[in-house]
Structures are given as structure tokens and as C-alpha cells.
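Student: Have a peek at work.txt (compact mmCIF, C-alpha atoms).
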# COMPACT_ATOMS: atom_id res chain seq x y z
CA MET A 1 -44.79 55.73 -163.67
CA ALA A 2 -41.50 56.48 -165.40
CA THR A 3 -42.02 60.20 -164.77
CA GLU A 4 -42.56 59.62 -161.04
CA ARG A 5 -39.45 57.45 -160.90
CA ALA A 6 -37.41 60.16 -162.61
CA ILE A 7 -38.72 62.78 -160.18
CA ASP A 8 -37.83 60.55 -157.22
CA GLN A 9 -34.34 59.99 -158.57
CA GLN A 10 -33.87 63.73 -159.08
CA ARG A 11 -35.10 64.42 -155.57
CA GLU A 12 -32.71 61.83 -154.11
CA ALA A 13 -29.80 63.30 -156.06
CA LEU A 14 -30.59 66.80 -154.81
CA ARG A 15 -30.88 65.58 -151.23
CA ALA A 16 -27.58 63.68 -151.49
CA ASN A 17 -25.86 66.80 -152.81
CA LEU A 18 -27.36 68.92 -150.02
CA LEU A 19 -26.31 66.39 -147.37
CA GLU A 20 -22.76 66.38 -148.69
CA ARG A 21 -22.59 70.17 -148.54
CA LEU A 22 -24.05 70.32 -145.05
CA GLU A 23 -21.68 67.61 -143.78
CA LYS A 24 -18.72 69.75 -144.84
CA GLN A 25 -20.13 72.79 -143.04
CA ILE A 26 -20.99 71.08 -139.76
CA ASP A 27 -18.22 71.12 -137.17
CA LEU A 28 -18.40 67.55 -135.87
CA PRO A 29 -16.57 68.19 -132.54
CA ALA A 30 -19.05 70.96 -131.72
CA TRP A 31 -21.91 68.75 -132.86
CA VAL A 32 -21.08 65.85 -130.52
CA ILE A 33 -20.69 68.29 -127.63
CA ALA A 34 -24.19 69.56 -128.43
CA GLN A 35 -25.36 65.94 -128.14
CA GLY A 36 -24.13 65.65 -124.54
CA PHE A 37 -20.52 64.54 -125.07
CA HIS A 38 -17.46 66.27 -123.62
CA LEU A 39 -13.83 66.35 -124.72
CA SER A 40 -12.04 63.59 -122.80
CA PRO A 41 -9.36 64.97 -120.43
CA VAL A 42 -6.94 62.23 -121.53
CA GLN A 43 -6.26 61.94 -125.27
CA LYS A 44 -4.39 58.64 -125.77
CA ASP A 45 -4.06 58.98 -129.55
CA LEU A 46 -3.80 62.46 -131.09
CA THR A 47 -4.86 61.06 -134.47
CA LYS A 48 -8.32 60.48 -132.92
CA LEU A 49 -10.06 63.11 -130.78
CA ALA A 50 -11.82 61.28 -127.95
CA PHE A 51 -15.21 62.45 -126.63
CA ALA A 52 -17.24 60.74 -123.88
CA ASN A 53 -20.72 61.14 -122.39
CA ARG A 54 -22.14 60.45 -118.94
CA HIS A 55 -23.16 56.95 -119.99
CA GLY A 56 -19.55 55.92 -120.62
CA GLU A 57 -19.89 55.95 -124.41
CA THR A 58 -16.84 57.14 -126.37
CA LEU A 59 -16.67 58.62 -129.85
CA LEU A 60 -13.37 59.04 -131.71
CA LEU A 61 -13.29 61.88 -134.27
CA MET A 62 -10.83 62.20 -137.17
CA LYS A 63 -10.31 65.00 -139.66
CA ASP A 64 -9.24 64.29 -143.23
CA VAL A 65 -6.80 67.14 -143.86
CA GLU A 66 -6.98 66.62 -147.61
CA ALA A 67 -10.78 66.61 -147.96
CA ARG A 68 -11.25 68.85 -144.89
CA THR A 69 -14.07 66.65 -143.63
CA TRP A 70 -14.75 65.00 -140.26
CA SER A 71 -15.64 61.38 -139.54
CA TYR A 72 -16.20 59.37 -136.39
CA GLN A 73 -15.87 55.85 -135.05
CA THR A 74 -16.73 54.09 -131.82
CA ASP A 75 -14.21 52.41 -129.54
CA ARG A 76 -16.24 49.26 -129.02
CA GLU A 77 -16.69 46.16 -131.17
CA PRO A 78 -18.10 46.00 -133.74
CA ILE A 79 -16.68 49.38 -134.71
CA GLU A 80 -19.25 51.87 -135.93
CA ARG A 81 -17.96 54.61 -138.22
CA GLY A 82 -19.15 57.27 -140.64
CA THR A 83 -20.07 60.94 -141.03
CA VAL A 84 -22.29 63.20 -138.96
CA VAL A 85 -25.27 62.01 -141.03
CA ASP A 86 -24.46 58.37 -140.21
CA LEU A 87 -24.20 59.35 -136.56
CA MET A 88 -27.66 60.97 -136.57
CA VAL A 89 -29.34 58.15 -138.47
CA ARG A 90 -27.88 55.42 -136.24
CA ARG A 91 -28.29 57.15 -132.88
CA ASP A 92 -31.66 58.86 -133.41
CA ALA A 93 -33.22 56.61 -136.10
CA ILE A 94 -34.30 59.60 -138.20
CA SER A 95 -34.78 60.07 -141.93
CA LEU A 96 -32.31 61.81 -144.24
CA ASP A 97 -34.77 64.69 -144.63
CA ASP A 98 -34.72 65.17 -140.85
CA CYS A 99 -30.91 65.16 -140.99
CA VAL A 100 -31.03 68.00 -143.52
CA ASN A 101 -33.39 70.03 -141.35
CA ARG A 102 -31.36 69.54 -138.16
CA MET A 103 -28.03 70.46 -139.76
CA ALA A 104 -29.52 73.44 -141.56
CA ALA A 105 -31.01 74.72 -138.29
CA CYS A 106 -27.55 74.64 -136.69
CA ILE A 107 -25.75 76.30 -139.59
CA GLU A 108 -28.31 79.02 -140.43
CA PRO A 109 -27.87 81.71 -137.73
CA SER A 110 -31.20 83.41 -138.36
CA LYS A 111 -33.39 80.35 -137.81
CA GLN A 112 -34.55 78.35 -134.79
CA VAL A 113 -32.00 79.86 -132.42
CA ARG A 114 -34.26 79.12 -129.47
CA GLU A 115 -34.34 75.38 -130.08
CA ARG A 116 -32.07 73.34 -127.83
CA GLU A 117 -29.87 71.64 -130.44
CA PRO A 118 -28.96 74.71 -132.56
CA ALA A 119 -28.33 76.73 -129.40
CA ALA A 120 -26.13 74.02 -127.88
CA TYR A 121 -24.24 73.61 -131.16
CA ARG A 122 -23.49 77.32 -131.44
CA GLU A 123 -22.46 77.48 -127.79
CA ALA A 124 -20.00 74.64 -128.35
CA LEU A 125 -18.78 76.24 -131.55
CA ALA A 126 -18.10 79.51 -129.71
CA ASP A 127 -15.67 77.58 -127.45
CA ARG A 128 -15.37 80.46 -125.01
CA ASP A 129 -12.51 78.92 -123.01
CA ASN A 130 -10.67 77.87 -126.22
CA THR A 131 -10.32 74.26 -125.03
CA LEU A 132 -11.90 72.62 -128.05
CA ARG A 133 -10.09 74.88 -130.50
CA ARG A 134 -6.70 73.97 -129.03
CA ALA A 135 -7.48 70.25 -129.09
CA VAL A 136 -8.62 70.42 -132.70
CA ALA A 137 -5.48 72.35 -133.66
CA ARG A 138 -3.28 69.64 -132.08
CA HIS A 139 -5.26 66.95 -133.84
CA VAL A 140 -5.01 68.64 -137.25
CA ALA A 141 -1.26 69.19 -136.81
CA THR A 142 -0.88 65.50 -135.94
CA MET A 143 -2.91 64.44 -138.97
CA MET A 144 -0.76 66.61 -141.24
CA LEU A 145 2.36 64.95 -139.85
CA GLU A 146 0.71 61.58 -140.39
CA ARG A 147 -0.11 62.47 -143.99
CA ASP A 148 3.51 63.48 -144.63
CA ALA A 149 4.74 60.31 -142.91
CA GLU A 150 2.52 58.14 -145.12
CA ARG A 151 4.01 59.84 -148.16
CA SER A 152 7.47 59.06 -146.80
CA LEU A 153 6.44 55.42 -146.36
CA GLU A 154 5.41 55.35 -150.01
CA GLY A 155 8.89 56.55 -150.90
CA LEU A 156 10.29 53.61 -148.91
CA GLY A 157 8.21 51.12 -150.87
CA VAL A 158 4.95 50.86 -148.88
CA VAL A 159 2.24 50.75 -151.54
CA ARG A 160 -0.41 53.44 -151.03
CA GLY A 161 -3.46 52.02 -149.28
CA SER A 162 -1.64 48.94 -147.94
CA PHE A 163 -0.34 50.33 -144.62
CA ASP A 164 -1.88 48.42 -141.70
CA ARG A 165 -2.35 51.19 -139.13
CA TRP A 166 -4.27 48.86 -136.82
CA ARG A 167 -1.27 46.52 -136.59
CA PHE A 168 1.62 48.99 -136.60
CA GLY A 169 0.22 52.26 -135.26
CA SER A 170 0.73 55.69 -136.80
CA ALA A 171 2.98 56.16 -139.82
CA ASP A 172 4.94 58.85 -137.97
CA VAL A 173 5.88 56.38 -135.21
CA VAL A 174 6.72 53.63 -137.70
CA LEU A 175 9.33 55.82 -139.37
CA ALA A 176 11.23 56.37 -136.12
CA ASP A 177 13.87 53.96 -134.83
CA PRO A 178 12.85 52.38 -131.51
CA ASN A 179 14.62 53.79 -128.45
CA ASP A 180 13.73 50.66 -126.54
CA LEU A 181 12.06 47.35 -127.21
CA GLY A 182 8.85 47.90 -129.19
CA HIS A 183 6.11 45.76 -130.67
CA SER A 184 3.11 45.73 -132.96
CA ARG A 185 -0.43 44.76 -131.97
CA TYR A 186 -1.37 41.12 -131.59
CA ARG A 187 -4.34 39.30 -133.13
CA SER A 188 -5.72 36.07 -131.72
CA GLY A 189 -5.25 34.42 -135.13
CA ASP A 190 -1.53 35.21 -135.38
CA ARG A 191 0.73 32.26 -136.11
CA ALA A 192 4.20 33.81 -135.82
CA MET A 193 6.18 36.19 -133.62
CA VAL A 194 8.80 37.92 -135.74
CA PHE A 195 11.84 39.77 -134.37
CA VAL A 196 13.24 42.59 -136.55
CA GLU A 197 15.35 45.70 -135.99
CA ARG A 198 12.79 48.42 -136.79
CA PRO A 199 9.08 48.90 -137.46
CA ILE A 200 9.76 49.61 -141.14
CA ASP A 201 11.49 46.21 -141.38
CA ALA A 202 8.38 44.64 -139.85
CA ILE A 203 6.18 46.28 -142.48
CA ALA A 204 8.47 45.00 -145.21
CA TYR A 205 8.47 41.46 -143.76
CA GLU A 206 4.68 41.57 -143.39
CA ARG A 207 4.35 42.44 -147.05
CA ALA A 208 6.48 39.48 -148.11
CA HIS A 209 5.59 36.77 -145.58
CA GLY A 210 3.33 37.97 -142.74
CA LYS A 211 0.00 37.81 -144.58
CA GLN A 212 -1.88 39.28 -141.58
CA HIS A 213 -0.85 36.37 -139.34
CA ALA A 214 2.30 37.68 -137.65
CA THR A 215 2.99 39.93 -134.69
CA TYR A 216 6.30 41.81 -134.46
CA VAL A 217 8.91 42.77 -131.87
CA TYR A 218 11.40 45.57 -132.65
CA THR A 219 14.79 44.99 -131.04
CA GLY A 220 16.87 47.82 -132.49
CA ASP A 221 20.44 47.19 -133.62
CA HIS A 222 21.94 46.77 -130.15
CA PRO A 223 19.37 45.68 -127.56
CA SER A 224 20.44 46.33 -123.98
CA ASP A 225 20.76 43.63 -121.33
CA GLU A 226 17.43 44.78 -119.87
CA ALA A 227 15.82 44.52 -123.32
CA LYS A 228 17.20 40.99 -123.71
CA LYS A 229 15.61 39.98 -120.39
CA LYS A 230 12.30 41.34 -121.67
CA ILE A 231 12.70 39.37 -124.91
CA ALA A 232 13.24 36.17 -122.94
CA HIS A 233 10.04 36.84 -120.95
CA ILE A 234 8.09 37.70 -124.12
CA ILE A 235 9.08 34.42 -125.78
CA ALA A 236 8.39 32.39 -122.63
CA ASP A 237 4.91 33.93 -122.30
CA ALA A 238 4.06 33.62 -126.02
CA PRO A 239 1.38 31.06 -126.97
CA PRO A 240 3.06 27.73 -127.82
CA GLU A 241 1.47 27.67 -131.29
CA LEU A 242 3.38 30.82 -132.33
CA THR A 243 6.41 30.21 -134.52
CA ILE A 244 9.38 32.32 -133.38
CA VAL A 245 11.17 33.97 -136.30
CA ALA A 246 14.43 35.94 -136.22
CA ALA A 247 14.24 38.14 -139.33
CA HIS A 248 17.23 40.38 -138.73
CA SER A 249 19.54 41.64 -141.45
CA ARG A 250 21.74 39.48 -143.68
CA ASP A 251 25.05 40.82 -142.33
CA ARG A 252 27.14 39.59 -139.40
CA ARG A 253 25.39 41.88 -136.92
CA GLY A 254 21.99 40.52 -137.96
CA ALA A 255 23.25 36.94 -137.67
CA THR A 256 24.56 37.68 -134.18
CA LEU A 257 21.23 39.21 -133.14
CA SER A 258 19.37 36.18 -134.42
CA GLU A 259 21.69 33.85 -132.52
CA GLU A 260 21.02 35.84 -129.34
CA ILE A 261 17.26 35.51 -129.91
CA ALA A 262 17.69 31.74 -130.30
CA GLU A 263 19.60 31.57 -127.00
CA LEU A 264 16.96 33.66 -125.22
CA ALA A 265 14.22 31.37 -126.57
CA GLY A 266 15.56 28.42 -124.61
CA ARG A 267 14.04 25.18 -125.86
CA ARG A 268 11.74 26.86 -128.36
CA THR A 269 12.84 26.57 -131.97
CA VAL A 270 13.74 29.86 -133.66
CA GLU A 271 13.53 30.11 -137.44
CA ARG A 272 16.16 32.36 -139.04
CA ARG A 273 14.75 34.30 -142.01
CA PRO A 274 16.89 37.14 -143.41
CA PRO A 275 15.75 39.06 -146.50
CA GLU A 276 16.23 37.37 -149.86
CA PHE A 277 18.23 40.34 -151.15
CA GLY A 278 19.35 43.65 -149.74
CA ASN A 279 20.66 43.94 -146.19
CA ARG A 280 17.46 44.55 -144.22
CA TRP A 281 13.87 43.76 -145.05
CA ALA A 282 13.25 47.47 -145.62
CA ASP A 283 16.02 47.47 -148.22
CA GLN A 284 14.37 44.58 -150.06
CA MET A 285 11.03 46.42 -150.06
CA GLN A 286 12.63 49.54 -151.54
CA ILE A 287 14.41 47.56 -154.26
CA GLU A 288 11.16 45.84 -155.22
CA GLN A 289 9.32 49.17 -155.30
CA ARG A 290 11.93 50.70 -157.60
CA HIS A 291 11.52 47.72 -159.90
CA ARG A 292 7.73 48.17 -159.98
CA ASP A 293 8.13 51.89 -160.64
CA SER A 294 10.42 51.23 -163.59
CA LEU A 295 7.94 48.73 -165.07
CA SER A 296 5.10 51.17 -164.53
CA ARG A 297 6.93 53.91 -166.38
CA LEU A 298 7.52 51.56 -169.29
CA ASN A 299 3.88 50.52 -169.53
CA ARG A 300 1.67 52.88 -167.53
CA ARG A 301 -1.92 51.66 -167.55
CA PRO A 302 -3.78 52.87 -164.45
CA ASP A 303 -6.60 50.64 -163.25
CA PRO A 304 -9.24 52.64 -161.33
CA VAL A 305 -10.99 49.46 -160.17
CA ILE A 306 -7.83 48.14 -158.51
CA ASP A 307 -7.23 51.57 -156.95
CA ASP A 308 -10.75 51.53 -155.46
CA VAL A 309 -10.26 48.02 -154.08
CA ARG A 310 -6.92 49.02 -152.57
CA ARG A 311 -8.52 52.00 -150.79
CA ALA A 312 -11.33 49.81 -149.46
CA LEU A 313 -8.84 47.24 -148.18
CA ALA A 314 -6.84 49.98 -146.48
CA LYS A 315 -9.96 51.09 -144.57
CA ALA A 316 -10.61 47.49 -143.53
CA LEU A 317 -7.03 47.09 -142.33
CA ASP A 318 -7.32 50.29 -140.27
CA ALA A 319 -10.34 48.75 -138.57
CA GLY A 320 -8.39 45.62 -137.72
CA VAL A 321 -10.14 43.35 -140.21
CA ASP A 322 -8.23 40.20 -141.09
CA GLN A 323 -7.14 40.38 -144.74
CA SER A 324 -7.65 36.63 -145.15
CA ALA A 325 -11.30 37.07 -144.15
CA ILE A 326 -11.68 39.69 -146.86
CA ARG A 327 -10.20 37.35 -149.45
CA THR A 328 -12.53 34.56 -148.30
CA ALA A 329 -15.55 36.84 -148.62
CA ILE A 330 -14.53 37.82 -152.14
CA VAL A 331 -13.96 34.22 -153.23
CA ARG A 332 -17.25 33.06 -151.74
CA ARG A 333 -19.36 35.85 -153.22
CA PRO A 334 -22.22 34.20 -155.14
CA PRO A 335 -22.24 34.84 -158.90
CA ARG A 336 -24.53 37.49 -160.30
CA GLY A 337 -27.42 36.90 -162.63
CA ARG A 338 -29.79 33.93 -162.84
CA GLU A 339 -27.24 31.42 -161.48
CA GLY A 340 -26.81 33.48 -158.32
CA LEU A 341 -30.58 33.84 -157.88
CA GLU A 342 -31.16 30.12 -158.29
CA ARG A 343 -28.68 29.41 -155.52
Is it possible to express this structure as C-alpha cells?

Tutor:
Amino acid sequence: MATERAIDQQREALRANLLERLEKQIDLPAWVIAQGFHLSPVQKDLTKLAFANRHGETLLLMKDVEARTWSYQTDREPIERGTVVDLMVRRDAISLDDCVNRMAACIEPSKQVREREPAAYREALADRDNTLRRAVARHVATMMLERDAERSLEGLGVVRGSFDRWRFGSADVVLADPNDLGHSRYRSGDRAMVFVERPIDAIAYERAHGKQHATYVYTGDHPSDEAKKKIAHIIADAPPELTIVAAHSRDRRGATLSEEIAELAGRRTVERRPPEFGNRWADQMQIEQRHRDSLSRLNRRPDPVIDDVRRALAKALDAGVDQSAIRTAIVRRPPRGREGLER
């Protein structure tokens, strides 16, 4: 019995290793085209390559430029995501052994060339009109810029793995000053609408006070008269349960901006909340990060468990998952062992 179990474990380990190798070799854009999808003529977000089929289903593909691997996600709720193997298992309800055989047939040029799937995959991979190749090149260039932008955010004090891409958009956009009035995404559970100068100030405020329950409006340093009219309409149309917060800088210009927001809000109360120290919220975030870095250098003890949790939380935030729901799930997790079983 023990020998059979050991053989099964060895077989599973070998299959897992083979699947990992095949996943890295399969070109996912060509694969989804072989499954009846086509590259969407309109690409709204260059960080996600959009493909659609004749049934109206959309797949969004992303390449990890560090690991050089592809992944996918759907555009509908609940979001489905994973690798090419996950895609095959979920769509076709096949075994992992069948996944190995299908991928191997597509990659090995001397086998099963007359079967429909390998032939369609190689035709898509050939990309005779160069359309797919150009789209992938744009996507990879965008992802490299995004990677560099995320590193820049870390330098500004955004802890690695804590950037809420779902809320704020791409890191590259966040680093830029708004040319006009801008805003973050809104969740139905939000309890505050916060006005700040720039997206990076919004990220800093979120880290200190937002707690996944605030939506943000970026005014810039000198909003135009047209922008002020828009702000008045935004506040008037905002749900009455939203608290309006003016979180501009601590200096005279920030105070003036906050006073203008209060005037535009009419009868709605506006809470003034400048940073506790530093001029802007982004300044406060940088000061706090420098302090953490100095403490870390004095007593550097990396915690791999915390790092893993941080990466998992970052993925959840990208998917738009409420951080408070994650905390609730962790707190409510039943204890392990006999006590957990008895419950």
C-alpha cells in the first residue's frame, strides 16, 4: 500500500513538472485563437490582450515579463483566471493527462499534424499577416513599462504587493499628474469620496485611512473653471451616505483648494483632512517608508510567510476583492485539529 502511494506521488510530481514545462512553451494567444477566439479589434487596456469568440465570450491575456509566462482571466463576474491548463480543464472538463497530450501534440512538430487543434495552433502561431505578433509586442512593451512603474511606486513608499490596480488603474498612469479631472473606480461599499491633487496622493491616503472603502477624485493643483463645474456635479450626484473629504496638502494652496471643494459641495458637509506630516499625502507616505527602511536595515529579519500573504492579497486586490472581506475570512477560519472537526 505504501509502495503504491509512493508511486502515485512520484507520478503526480512528474506530471506536475511536465505540465509546468509545457505551459511555458505554449503560446497562449495562439492557443486561444486555435480554440475559436479572435484578437479583438479594440484593445481598451494594453495590459490585457482581449480576445473574443462568436458567442460573445471574452478572454483577457496577460504576460508576466519576469517569469515569461502567460495567464488569462475572464471579463465577467465571478472572474475566472489561471494558466492554459486551467483554461482547458474548466472549458473542456478534461483530465491533466489529457492536457499534457493536447499541449504536446501542438508543440511537437512531427506528431499529429493532421489533427484539427495542432494544425489550428500552428496556423495561428505562424501569424502570416503579423497582426498577433504586433499586438503581443505592444502588450509586452506595456507590461515592461508597468513593471518599471511599479518599481518606481515602491521607491515612493508603496509597499510591494499592496498596490490596488483594480481601484487605481495601471501603475504607469498613477505616476502621471492628471491633465484634467480624474478619478479612481467606485465600489458599492465605499463610504467616502476623497478629493486629492494626484493619484499618488490618493494611494497614500488609502494606505493611511481609506481601508478599501473610499473612492477618489484627482483635482490637480489648479483645477479649471470647467473642472470645478464637474466637481460640483460629481458631489451633487454622489450617494448621500458618502462622506466628502478634502484631503489636499497642508499648505495655503491646499487649504484654498479644500475651501473651494466645500463651496462647490453646497449644503453637504466637507471634512478637511490634510496629511499628519509632510506637505502632501505622498510626502507622508515616503517619510514613513524611509523610516521603515531604516528600521529594517537595523534589524533585518525577512518573513517568507508574510511575503506570501502580501502577494496573495495583491492578487485579490487586482481582482477587485474587498480587503475587509479577506480579513473577515481569515478571522472566521475554523481552527485546525480536533476542535475544528468537532465544529

Student: May I ask which of the residues A:Glu4, A:Glu20, A:Asp45, A:Glu66 is the closest one to Asp148 of chain A, counting all atoms listed in the file?

Tutor: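 That would be A:Glu66, the residue with the smallest distance to Asp148 of chain A.
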
Student: Can you tell me how far atom CA of Thr83 of chain A sits from atom CA of Leu59 of chain A, in Å to one decimal?

Tutor: 11.9 Å

Student: Check the smallest atom-to-atom distance from each of A:Ser71, A:Thr131, A:Thr215, A:Ser258 to Lys24 of chain A using only C-alpha atoms, then report the winner.

Tutor: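 Comparing A:Ser71, A:Thr131, A:Thr215, A:Ser258 against Lys24 of chain A, the winner is A:Ser71.
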
Student: Identify, on the basis of all atoms listed in the file, every residue whose closest approach to segment 201-212 of chain A does not exceed 7 Å; exclude the query and any residue fewer than 2 positions from it along the same chain; express the result as a ChimeraX atom specification.

Tutor: /A:196-199,214,216,280-282,285,322-323

Student: Can you tell me how far atom CA of Arg250 of chain A sits from atom CA of Tyr186 of chain A, in Å to one decimal?

Tutor: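 Straight-line distance from atom CA of Arg250 of chain A to atom CA of Tyr186 of chain A works out to 26.1 Å.
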
Student: When distances are computed from all atoms listed in the file, which of A:Glu271, A:Glu146, A:Glu123, A:Asp293 shows the smallest separation from Ala30 of chain A?

Tutor: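 Comparing A:Glu271, A:Glu146, A:Glu123, A:Asp293 against Ala30 of chain A, the winner is A:Glu123.
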
Student: Could you work out how far atom CA of Asp27 of chain A lies from atom CA of Val84 of chain A, giving the answer in Å with one decimal?

Tutor: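 Those two atoms sit 9.1 Å apart.
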
Student: Please provide the set of residues having any atom within 8 Å of Val85 of chain A, restricted to only C-alpha atoms, with same-chain residues fewer than 2 positions apart removed, written as a PyMOL selection string.

Tutor: chain A and resi 19+23+82-83+87-89+96+99

Student: Find the residue from A:Ala312, A:Val305, A:Val32, A:Gly254 that sits nearest to Leu132 of chain A; use all atoms listed in the file when measuring.

Tutor: A:Val32

Student: Counting only C-alpha atoms, which residue out of A:Ile79, A:Leu28, A:Ile244, A:Leu46 sits closest to Ala316 of chain A?

Tutor: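 Nearest to Ala316 of chain A: A:Ile79.
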
Student: Set the distance at 10 Å and use all atoms listed in the file: which residues neighbour Val42 of chain A once local chain neighbours fewer than 6 positions away are removed? I'd like the list as number ranges by chain.

Tutor: A: 49-51

Student: Where's the centre, and what are the edge lengths in Å to one decimal, of a box along x, y and z enclosing all listed atoms of segment 59-69 of chain A padded 6 Å per side, as AutoDock Vina command-line options?

Tutor:
--center_x -11.7 --center_y 63.7 --center_z -138.9 --size_x 21.9 --size_y 22.2 --size_z 30.1

Student: Need to verify the contact set: Gly220 of chain A, 8 Å, all atoms listed in the file, exclusion of same-chain residues closer than 2 positions in sequence. Can you return it as a count of residues only?

Tutor: 11

Student: Given all atoms listed in the file as the basis, pick out the residue of A:Gln10, A:Thr256, A:Ser184, A:Asn53 nearest to Asp221 of chain A.

Tutor: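 Under the stated criterion, the closest residue is A:Thr256.
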
Student: Can you tell me, as number ranges by chain, what residues are no more than 8 Å from Arg122 of chain A when counting only C-alpha atoms, ignoring any on the same chain fewer than 4 positions away?

Tutor: A: 30, 106, 118, 126

Student: Neighbourhood query: residues within 10 Å of (-17.4, 63.2, -125.5), file coordinates, counting only C-alpha atoms; return as a PyMOL selection string.

Tutor: chain A and resi 29+32-41+49-54+56-61
